[in-house]
Amino acid sequence: MRKSGLPADTLKQLYAMMLTIRRFEERIASLYPEQEMKCPVHLCTGQEAISAGVCIHLKKEDYIFSTHRSHGHCIAKGIDLKSLAAELYGKFAGCSRGRGGSMHLADPDHGIPGTSAIVGGCIPLAVGAGLSSAMKGDGRVSAAFFGDGAVDEGAFHESLNFASLKKLPVIFVCENNYYATNSPQCARQPDVSIAERARGYGIPGKRVDGNDVLPVYAAAKDAVRRARSGGGPTLLEFETYRWKAHVGPDSDIESGCRPADVHERWLKKCPLEVFERYLFDRSIVTKDEMDLISARIEREIEEAFEFGKKSTYPDASELTEYVY
Amino acid sequence: MPWTNIQADDSRSPVRFGSGEQPARELSYREAIREALSQALEMDERVFLIGEGIDDPGGVFGTTVGLVEKFGEKRVMDCPVAENGMTGVAIGAAITGMRPVFIHMRADFLPMCMDQIINHAAKWSYMTGGKVKVPLTVRAVIGRGWGSAAQHSQSLQALFAHIPGLKVVMPASPYDAKGLLLGSIAGDGPTVVIEHRWLYDQKEGVPEGPYVIHAGKGTVRCVGTDVTIAATSYMVYEALRAASELKREGISAEVIDLRSVQPMDEGLIIESVKKTGRLIAADTGWKVCGGSAEVAALVAEKAYGCLKAPVKRVCLPAAPTPASAVLERAYYPGFEDIVRAAKEITLMLHKDEGRHAEKRHTIGGI
Ligand SMILES: Cc1ncc(C[n+]2csc(CCOP(=O)(O)OP(=O)(O)O)c2C)c(N)n1
Ligand SMILES: [Mg+2]
């Protein structure tokens with residue numbers, strides 16, 4: 001890793017964000033066997049650098065739209081951890097009042113209008129938010145997070161086409177973990193990089209190492225600046241890898257879903273370890289500081305899950321509230 | 001909020017068309033829609049129209065003519081032929097503070113948007129615990145005739161009415177078209193407004209100022225005592241014609257214009273059936289799991305004891321729409337079918353009335 005030229009505070013912020021996401025999901029994984037979190041969980045462990053490196057450029061009022069695998073994006077965008085944990089437990093204090101579960105997180109006060117578990121479903125919504133901002137002139141930027149699987153969908157094409165046509169303030173963030181459930185990208189798409197598709201829409205496209213937070217940061221910075229200044233959308237493809245199974249807290253390697261040797265290689269590219277080493281090697285953080293950050297995060301997460309567990313369930317008599 | 005000052009007309013039975021108490025100014029159905037859109041655009045800068053070719057000279061059967069000149073192409077926006085994606089774009093705009101009206105020339109294009117309408121628009125409020133609303137209006141037109149055939153004539157209200165979170169309205173008159181459309185744009189949830197191509201020239205007195213009709217209120221178009229005809233959209237006219245035929249034969253039909261398929265005005269239908277004891281559901285769509293099935297089920301559930309005869313349904317035969325004029329004529333049910341159905345159940349009823357009364361008496365005597 002080269003010198004980033006970023007202030008130490010920014011680097012620490014990125015680190016703390018990645019660590020929060022990692023620890024939060026590790027806590028999900030450790031508590032999941034209790035079967036109290038009664039909803040499917042799609043963990044983004046291994047992909048944290050993208051959430052952190054992109055969302056750090058977004059203001060509170062900017063929008064993100066996301067997928068079934070959205071914990072990382074929402075945490076990086078500032079969702080209240082307690083309301084997130086409560087949602088996983090199906091509680092009324094959950095960010096979606098127990099109606100959404102892990103796949104449907106929303107926190108409009110932090111620019112999270114919602115997430116969709118329909119592959120590709122949120123991409124046009126992000127474009128619509130961009131249209132809204134362009135019409136109102138409110139200067140907001142809208143980020144669509146999606147996986148490589150969503151690139152298979154028509155909504156991807158429709159969205160990029162329109163966003164480019166109207167030069168909307170949108171950034172398209174594809175987290176290419178090379179799998180859609182258990183189907184590898186090569187079984188679903190011709191051998192053309194996702195970033196290259198941008199050319200067909202007349203917008204910039206960039207392929208970036210998604211496990212190294214600094215290039216993620218740099219690419220997202222350009223894309224957000226371009227969007228905010230009226231330059232239109234950008235497509236970013238971040239190469240990454242998910243550590244856990246498609247859904248649930250376990251590994252899928254033993255069952256043969258993905259090859260073990262590739263898995264091993266990616267584990268060595270852990271985004272947190274890579275960045276930790278960078279920070280230590282350059283004496284940007286000391287071991288003590290790191291421990292402090294880590295202890296604070298652990299505490300916040302502990303409190304969040306405690307809150308989630310303890311808080312009350314929605315009243316069954318309110319089953320049909322919020323339909324309209 | 002410009003919408004809060006607008007008068008709501010949810011009166012159930014003004015018997016507006018054909019009655020003497022109409023406002024002096026008459027508008028056609030298309031003009032009423034255009035006026036509603038124009039007033040919405042004027043009153044609320046969050047409102048914008050989007051759809052394929054809505055700014056072209058034809059202006060969606062005349063309903064958007066002149067609006068792009070008046071409000072500019074940013075608010076009356078042509079868009080790519082990408083129904084699903086563009087519905088998502090409209091939803092994204094709606095959940096971030098706008099009030100889009102997405103306009104489709106044909107209801108047949110709505111299946112392209114099923115994902116965004118059903119999985120996103122309809123679910124968003126619920127999935128976010130009511131924190132994020134989708135004030136989206138989708139207008140779509142049912143085509144008919146001149147060989148429109150299978151893909152340019154479908155009446156798909158039931159597909160949407162089935163989905164919790166969506167409202168589905170089907171204005172039959174100019175007055176309702178304006179009020180229901182404004183009501184939908186003013187509302188906080190997604191509404192599908194289904195128009196019928198054969199209604200665009202209908203005329204009626206329409207107030208000049210804006211007013212809203214909320215989804216869920218039907219209206220009685222013709223008061224009667226022997227049989228209730230609950231009709232949607234264009235079938236309201238067939239039902240009215242049937243009612244006047246029946247009158248000549250001494251059968252008094254009550255015609256209910258549902259106006260809204262979801263929510264449905266249950267009270268109005270039940271009240272009427274309690275009075276008449278007979279029901280015909282006349283719908284522009286197909287029978288199976290259709291709007292007419294819902295009306296019949298409602299009455300079976302909530303007014304069973306009042307029925308003096310089997311429920312009849314006048315709907316499309318279970319086939320796609322044919323092109324040939326001869327087949328088209330055979331395909332669409334009309335007032336004759338309603339008359340026939342009414343006679344069947346009223347005559348049968350005259351025969352059966354005694355038995356029924358006796359039965360009731362027996363039960364009561366236990
Ligand atoms: C429209 C649709 N089709 C299929 C699915 C089932 N499904 C859930 S996640 C997924 C894979 C998505 O892959 P990708 O977009 O790469 O995201 P990742 O899970 O890798 O983060 C599929 C096919 C779905 N949710 N929605
Ligand atoms: Mg993937």
# chains A, B, ... in the order shown; residues from 1 in each chain; ligands from 1

$ residues_around --residues "A:Asp148" --least-positions-apart "4" --cutoff "10 Å" --atoms "only C-alpha atoms" --output "PDB file with N, CA, C and O atoms, in the first residue's frame"
ATOM      1  N   VAL A 119     -33.184  -8.870  -6.135  1.00  0.00           N
ATOM      2  CA  VAL A 119     -31.903  -8.563  -6.766  1.00  0.00           C
ATOM      3  C   VAL A 119     -32.089  -7.495  -7.847  1.00  0.00           C
ATOM      4  O   VAL A 119     -32.938  -7.633  -8.727  1.00  0.00           O
ATOM      5  N   GLY A 120     -31.343  -6.433  -7.738  1.00  0.00           N
ATOM      6  CA  GLY A 120     -31.433  -5.317  -8.683  1.00  0.00           C
ATOM      7  C   GLY A 120     -32.531  -4.334  -8.351  1.00  0.00           C
ATOM      8  O   GLY A 120     -32.605  -3.254  -8.943  1.00  0.00           O
ATOM      9  N   ASP A 152     -26.882  -8.918 -13.760  1.00  0.00           N
ATOM     10  CA  ASP A 152     -27.626  -9.820 -14.656  1.00  0.00           C
ATOM     11  C   ASP A 152     -29.023  -9.271 -14.951  1.00  0.00           C
ATOM     12  O   ASP A 152     -29.655  -9.657 -15.936  1.00  0.00           O
ATOM     13  N   GLU A 153     -29.523  -8.429 -14.077  1.00  0.00           N
ATOM     14  CA  GLU A 153     -30.925  -7.995 -14.156  1.00  0.00           C
ATOM     15  C   GLU A 153     -31.123  -6.824 -15.125  1.00  0.00           C
ATOM     16  O   GLU A 153     -30.241  -5.970 -15.283  1.00  0.00           O
ATOM     17  N   VAL A 173     -22.533   1.373  -7.102  1.00  0.00           N
ATOM     18  CA  VAL A 173     -21.468   0.673  -6.395  1.00  0.00           C
ATOM     19  C   VAL A 173     -21.707  -0.824  -6.469  1.00  0.00           C
ATOM     20  O   VAL A 173     -22.572  -1.365  -5.775  1.00  0.00           O
ATOM     21  N   CYS A 174     -20.983  -1.476  -7.357  1.00  0.00           N
ATOM     22  CA  CYS A 174     -21.139  -2.921  -7.488  1.00  0.00           C
ATOM     23  C   CYS A 174     -20.087  -3.635  -6.655  1.00  0.00           C
ATOM     24  O   CYS A 174     -18.888  -3.440  -6.847  1.00  0.00           O
ATOM     25  N   GLU A 175     -20.531  -4.443  -5.733  1.00  0.00           N
ATOM     26  CA  GLU A 175     -19.611  -5.261  -4.949  1.00  0.00           C
ATOM     27  C   GLU A 175     -19.525  -6.611  -5.632  1.00  0.00           C
ATOM     28  O   GLU A 175     -20.411  -7.450  -5.493  1.00  0.00           O
ATOM     29  N   ASN A 176     -18.492  -6.772  -6.408  1.00  0.00           N
ATOM     30  CA  ASN A 176     -18.354  -8.027  -7.145  1.00  0.00           C
ATOM     31  C   ASN A 176     -17.636  -9.060  -6.282  1.00  0.00           C
ATOM     32  O   ASN A 176     -16.420  -9.085  -6.215  1.00  0.00           O
ATOM     33  N   ASN A 177     -18.437  -9.914  -5.653  1.00  0.00           N
ATOM     34  CA  ASN A 177     -17.841 -11.007  -4.867  1.00  0.00           C
ATOM     35  C   ASN A 177     -17.864 -12.304  -5.677  1.00  0.00           C
ATOM     36  O   ASN A 177     -17.701 -13.386  -5.161  1.00  0.00           O
ATOM     37  N   TYR A 178     -18.084 -12.150  -6.952  1.00  0.00           N
ATOM     38  CA  TYR A 178     -17.986 -13.242  -7.933  1.00  0.00           C
ATOM     39  C   TYR A 178     -19.027 -14.340  -7.785  1.00  0.00           C
ATOM     40  O   TYR A 178     -18.961 -15.346  -8.485  1.00  0.00           O
ATOM     41  N   TYR A 179     -19.970 -14.144  -6.911  1.00  0.00           N
ATOM     42  CA  TYR A 179     -21.026 -15.144  -6.760  1.00  0.00           C
ATOM     43  C   TYR A 179     -22.385 -14.494  -6.574  1.00  0.00           C
ATOM     44  O   TYR A 179     -22.501 -13.459  -5.920  1.00  0.00           O
ATOM     45  N   ALA A 180     -23.382 -15.118  -7.141  1.00  0.00           N
ATOM     46  CA  ALA A 180     -24.768 -14.816  -6.821  1.00  0.00           C
ATOM     47  C   ALA A 180     -25.307 -16.117  -6.233  1.00  0.00           C
ATOM     48  O   ALA A 180     -25.410 -17.117  -6.947  1.00  0.00           O
ATOM     49  N   PRO A 184     -21.298 -18.928  -9.856  1.00  0.00           N
ATOM     50  CA  PRO A 184     -20.169 -18.029 -10.109  1.00  0.00           C
ATOM     51  C   PRO A 184     -20.474 -17.056 -11.247  1.00  0.00           C
ATOM     52  O   PRO A 184     -21.302 -17.346 -12.113  1.00  0.00           O
ATOM     53  N   GLN A 185     -19.803 -15.947 -11.221  1.00  0.00           N
ATOM     54  CA  GLN A 185     -20.044 -14.920 -12.232  1.00  0.00           C
ATOM     55  C   GLN A 185     -19.853 -15.483 -13.642  1.00  0.00           C
ATOM     56  O   GLN A 185     -20.603 -15.159 -14.560  1.00  0.00           O
ATOM     57  N   ARG A 188     -22.736 -16.846 -15.409  1.00  0.00           N
ATOM     58  CA  ARG A 188     -23.869 -15.937 -15.606  1.00  0.00           C
ATOM     59  C   ARG A 188     -23.589 -14.790 -16.567  1.00  0.00           C
ATOM     60  O   ARG A 188     -24.502 -14.200 -17.136  1.00  0.00           O
ATOM     61  N   GLN A 189     -22.321 -14.446 -16.706  1.00  0.00           N
ATOM     62  CA  GLN A 189     -21.996 -13.270 -17.504  1.00  0.00           C
ATOM     63  C   GLN A 189     -20.832 -13.566 -18.442  1.00  0.00           C
ATOM     64  O   GLN A 189     -19.944 -14.328 -18.094  1.00  0.00           O
ATOM     65  N   ILE A 194     -17.462  -5.780 -15.254  1.00  0.00           N
ATOM     66  CA  ILE A 194     -18.667  -5.001 -14.975  1.00  0.00           C
ATOM     67  C   ILE A 194     -18.387  -3.516 -15.191  1.00  0.00           C
ATOM     68  O   ILE A 194     -19.206  -2.798 -15.769  1.00  0.00           O
ATOM     69  N   GLU A 237     -16.846  -0.779  -9.794  1.00  0.00           N
ATOM     70  CA  GLU A 237     -16.863  -2.223  -9.535  1.00  0.00           C
ATOM     71  C   GLU A 237     -15.759  -2.530  -8.533  1.00  0.00           C
ATOM     72  O   GLU A 237     -14.581  -2.300  -8.800  1.00  0.00           O
ATOM     73  N   PHE A 238     -16.152  -3.033  -7.378  1.00  0.00           N
ATOM     74  CA  PHE A 238     -15.176  -3.382  -6.358  1.00  0.00           C
ATOM     75  C   PHE A 238     -15.054  -4.891  -6.273  1.00  0.00           C
ATOM     76  O   PHE A 238     -16.028  -5.584  -5.970  1.00  0.00           O
ATOM     77  N   GLU A 239     -13.846  -5.366  -6.520  1.00  0.00           N
ATOM     78  CA  GLU A 239     -13.623  -6.812  -6.441  1.00  0.00           C
ATOM     79  C   GLU A 239     -13.460  -7.213  -4.987  1.00  0.00           C
ATOM     80  O   GLU A 239     -12.652  -6.624  -4.256  1.00  0.00           O
TER      81      GLU A 239
END

$ interface_residues --of "chain B" --to "chain A" --cutoff "10 Å" --atoms "only C-alpha atoms" --output "number ranges by chain"
B: 45-46, 48, 74-75, 79-100, 115-116, 119-120, 122-134, 164-167, 187-190

$ select_by_dssp --residues "stretch 14-171 of chain A" --states "helix (DSSP H, G or I)" --output "PyMOL selection string"
chain A and resi 14-34+48-55+71-77+81-88+108-110+122-136+148-152+154-165

$ residues_around --residues "A:Gly202" --least-positions-apart "4" --cutoff "12 Å" --atoms "only C-alpha atoms" --output "number ranges by chain"
A: 160-167, 195-198, 231-235

$ write_last_selection --atoms "C-alpha atoms" --output "compact mmCIF listing (two decimals), in the first residue's frame"
# COMPACT_ATOMS: atom_id res chain seq x y z
CA LEU A 160 -27.71 3.22 -15.84
CA ASN A 161 -29.30 4.26 -19.10
CA PHE A 162 -31.63 6.75 -17.47
CA ALA A 163 -29.14 8.05 -14.90
CA SER A 164 -26.68 8.78 -17.67
CA LEU A 165 -29.33 10.31 -19.93
CA LYS A 166 -30.33 12.79 -17.22
CA LYS A 167 -26.83 13.12 -15.70
CA ALA A 195 -16.86 -1.67 -14.92
CA GLU A 196 -16.47 -1.84 -18.69
CA ARG A 197 -20.25 -1.84 -19.15
CA ALA A 198 -20.16 1.82 -18.18
CA GLY A 231 -21.15 15.57 -13.76
CA GLY A 232 -23.51 12.61 -13.67
CA PRO A 233 -23.22 9.02 -12.53
CA THR A 234 -20.24 6.69 -12.23
CA LEU A 235 -20.12 2.92 -12.12

$ atom_distance --atom1 "atom CA of A:Asp250" --atom2 "atom CA of A:Ala29"
7.8 Å

$ residues_around --residues "A:Gln35" --least-positions-apart "5" --cutoff "12 Å" --atoms "only C-alpha atoms" --output "compact mmCIF listing (two decimals) with C-alpha atoms, in the first residue's frame"
# COMPACT_ATOMS: atom_id res chain seq x y z
CA ILE A 28 -24.72 -11.80 14.85
CA ALA A 29 -22.86 -14.98 13.97
CA SER A 30 -22.18 -15.86 17.59
CA PRO A 40 -32.25 -14.79 7.37
CA VAL A 41 -28.97 -12.89 7.67
CA LEU A 88 -32.86 -8.39 13.71
CA TYR A 89 -34.71 -9.55 16.81
CA GLY A 90 -38.05 -8.51 15.27
CA GLY A 248 -26.42 -17.48 7.52
CA PRO A 249 -23.38 -17.33 9.77
CA LYS A 309 -32.81 -8.62 22.99

$ closest_residue --among "A:Gly149, A:Tyr15, A:Glu36, A:Ala86" --to "ligand 1" --atoms "only C-alpha atoms and all ligand atoms"
A:Gly149

$ select_by_dssp --residues "stretch 37-217 of chain A" --states "strand (DSSP E)" --output "list in words"
Tyr63, Ile64, Phe65, Ser142, Ala143, Ala144, Phe145, Phe146, Gly147, Val170, Ile171, Phe172, Val173, Cys174, Glu175, Asn176, Tyr179, Ala180, Ser183, Pro184, Gly205, Lys206, Arg207, Val208 and Asp209 of chain A

$ write_last_selection --atoms "N, CA, C and O atoms" --output "JSON list (two decimals), in the first residue's frame"
[["chain", "number", "residue", "atom", "x", "y", "z"],
["A", 63, "TYR", "N", -28.30, 9.82, 0.13],
["A", 63, "TYR", "CA", -29.06, 8.57, 0.22],
["A", 63, "TYR", "C", -28.19, 7.36, -0.11],
["A", 63, "TYR", "O", -27.33, 7.42, -0.98],
["A", 64, "ILE", "N", -28.47, 6.26, 0.57],
["A", 64, "ILE", "CA", -27.97, 4.97, 0.07],
["A", 64, "ILE", "C", -29.16, 4.03, -0.13],
["A", 64, "ILE", "O", -30.16, 4.11, 0.57],
["A", 65, "PHE", "N", -29.01, 3.18, -1.11],
["A", 65, "PHE", "CA", -29.99, 2.13, -1.37],
["A", 65, "PHE", "C", -29.23, 0.82, -1.42],
["A", 65, "PHE", "O", -28.12, 0.78, -1.95],
["A", 142, "SER", "N", -26.89, 10.13, -4.34],
["A", 142, "SER", "CA", -27.55, 8.88, -4.03],
["A", 142, "SER", "C", -26.65, 7.73, -4.46],
["A", 142, "SER", "O", -26.15, 7.72, -5.59],
["A", 143, "ALA", "N", -26.42, 6.78, -3.56],
["A", 143, "ALA", "CA", -25.56, 5.65, -3.88],
["A", 143, "ALA", "C", -26.37, 4.37, -3.94],
["A", 143, "ALA", "O", -27.14, 4.08, -3.03],
["A", 144, "ALA", "N", -26.20, 3.63, -5.03],
["A", 144, "ALA", "CA", -26.85, 2.32, -5.15],
["A", 144, "ALA", "C", -25.80, 1.26, -4.90],
["A", 144, "ALA", "O", -24.84, 1.15, -5.65],
["A", 145, "PHE", "N", -25.97, 0.48, -3.85],
["A", 145, "PHE", "CA", -25.10, -0.67, -3.61],
["A", 145, "PHE", "C", -25.79, -1.91, -4.18],
["A", 145, "PHE", "O", -26.99, -2.10, -3.96],
["A", 146, "PHE", "N", -25.04, -2.72, -4.88],
["A", 146, "PHE", "CA", -25.62, -3.96, -5.38],
["A", 146, "PHE", "C", -24.51, -4.96, -5.66],
["A", 146, "PHE", "O", -23.32, -4.60, -5.67],
["A", 147, "GLY", "N", -24.88, -6.21, -5.87],
["A", 147, "GLY", "CA", -23.88, -7.24, -6.13],
["A", 147, "GLY", "C", -23.69, -7.51, -7.60],
["A", 147, "GLY", "O", -24.38, -6.93, -8.45],
["A", 170, "VAL", "N", -25.81, 10.17, -9.05],
["A", 170, "VAL", "CA", -25.91, 8.81, -8.52],
["A", 170, "VAL", "C", -24.55, 8.14, -8.63],
["A", 170, "VAL", "O", -23.82, 8.37, -9.60],
["A", 171, "ILE", "N", -24.19, 7.34, -7.66],
["A", 171, "ILE", "CA", -23.04, 6.47, -7.86],
["A", 171, "ILE", "C", -23.50, 5.01, -7.76],
["A", 171, "ILE", "O", -24.27, 4.65, -6.89],
["A", 172, "PHE", "N", -23.09, 4.24, -8.74],
["A", 172, "PHE", "CA", -23.44, 2.83, -8.79],
["A", 172, "PHE", "C", -22.28, 2.03, -8.21],
["A", 172, "PHE", "O", -21.18, 2.04, -8.76],
["A", 173, "VAL", "N", -22.53, 1.37, -7.10],
["A", 173, "VAL", "CA", -21.47, 0.67, -6.39],
["A", 173, "VAL", "C", -21.71, -0.82, -6.47],
["A", 173, "VAL", "O", -22.57, -1.36, -5.77],
["A", 174, "CYS", "N", -20.98, -1.48, -7.36],
["A", 174, "CYS", "CA", -21.14, -2.92, -7.49],
["A", 174, "CYS", "C", -20.09, -3.63, -6.66],
["A", 174, "CYS", "O", -18.89, -3.44, -6.85],
["A", 175, "GLU", "N", -20.53, -4.44, -5.73],
["A", 175, "GLU", "CA", -19.61, -5.26, -4.95],
["A", 175, "GLU", "C", -19.53, -6.61, -5.63],
["A", 175, "GLU", "O", -20.41, -7.45, -5.49],
["A", 176, "ASN", "N", -18.49, -6.77, -6.41],
["A", 176, "ASN", "CA", -18.35, -8.03, -7.14],
["A", 176, "ASN", "C", -17.64, -9.06, -6.28],
["A", 176, "ASN", "O", -16.42, -9.08, -6.22],
["A", 179, "TYR", "N", -19.97, -14.14, -6.91],
["A", 179, "TYR", "CA", -21.03, -15.14, -6.76],
["A", 179, "TYR", "C", -22.38, -14.49, -6.57],
["A", 179, "TYR", "O", -22.50, -13.46, -5.92],
["A", 180, "ALA", "N", -23.38, -15.12, -7.14],
["A", 180, "ALA", "CA", -24.77, -14.82, -6.82],
["A", 180, "ALA", "C", -25.31, -16.12, -6.23],
["A", 180, "ALA", "O", -25.41, -17.12, -6.95],
["A", 183, "SER", "N", -23.90, -19.42, -7.68],
["A", 183, "SER", "CA", -23.54, -19.39, -9.10],
["A", 183, "SER", "C", -22.39, -18.42, -9.33],
["A", 183, "SER", "O", -22.51, -17.23, -9.04],
["A", 184, "PRO", "N", -21.30, -18.93, -9.86],
["A", 184, "PRO", "CA", -20.17, -18.03, -10.11],
["A", 184, "PRO", "C", -20.47, -17.06, -11.25],
["A", 184, "PRO", "O", -21.30, -17.35, -12.11],
["A", 205, "GLY", "N", -16.42, 4.21, -15.73],
["A", 205, "GLY", "CA", -16.50, 2.96, -14.99],
["A", 205, "GLY", "C", -15.11, 2.61, -14.49],
["A", 205, "GLY", "O", -14.13, 2.83, -15.20],
["A", 206, "LYS", "N", -15.05, 2.10, -13.30],
["A", 206, "LYS", "CA", -13.73, 1.82, -12.74],
["A", 206, "LYS", "C", -13.76, 0.53, -11.96],
["A", 206, "LYS", "O", -14.70, 0.29, -11.20],
["A", 207, "ARG", "N", -12.74, -0.29, -12.16],
["A", 207, "ARG", "CA", -12.62, -1.53, -11.39],
["A", 207, "ARG", "C", -11.52, -1.34, -10.35],
["A", 207, "ARG", "O", -10.43, -0.92, -10.67],
["A", 208, "VAL", "N", -11.88, -1.64, -9.12],
["A", 208, "VAL", "CA", -11.00, -1.31, -8.01],
["A", 208, "VAL", "C", -10.91, -2.51, -7.05],
["A", 208, "VAL", "O", -11.88, -3.25, -6.91],
["A", 209, "ASP", "N", -9.77, -2.64, -6.41],
["A", 209, "ASP", "CA", -9.61, -3.65, -5.36],
["A", 209, "ASP", "C", -10.49, -3.28, -4.18],
["A", 209, "ASP", "O", -10.22, -2.32, -3.46]]

$ closest_residue --among "B:Ser28, B:Val141, B:Val339, B:Phe61" --to "B:Arg248" --atoms "only C-alpha atoms"
B:Val339

$ atom_distance --atom1 "atom CA of A:Lys77" --atom2 "atom CA of A:Asp281"
28.5 Å
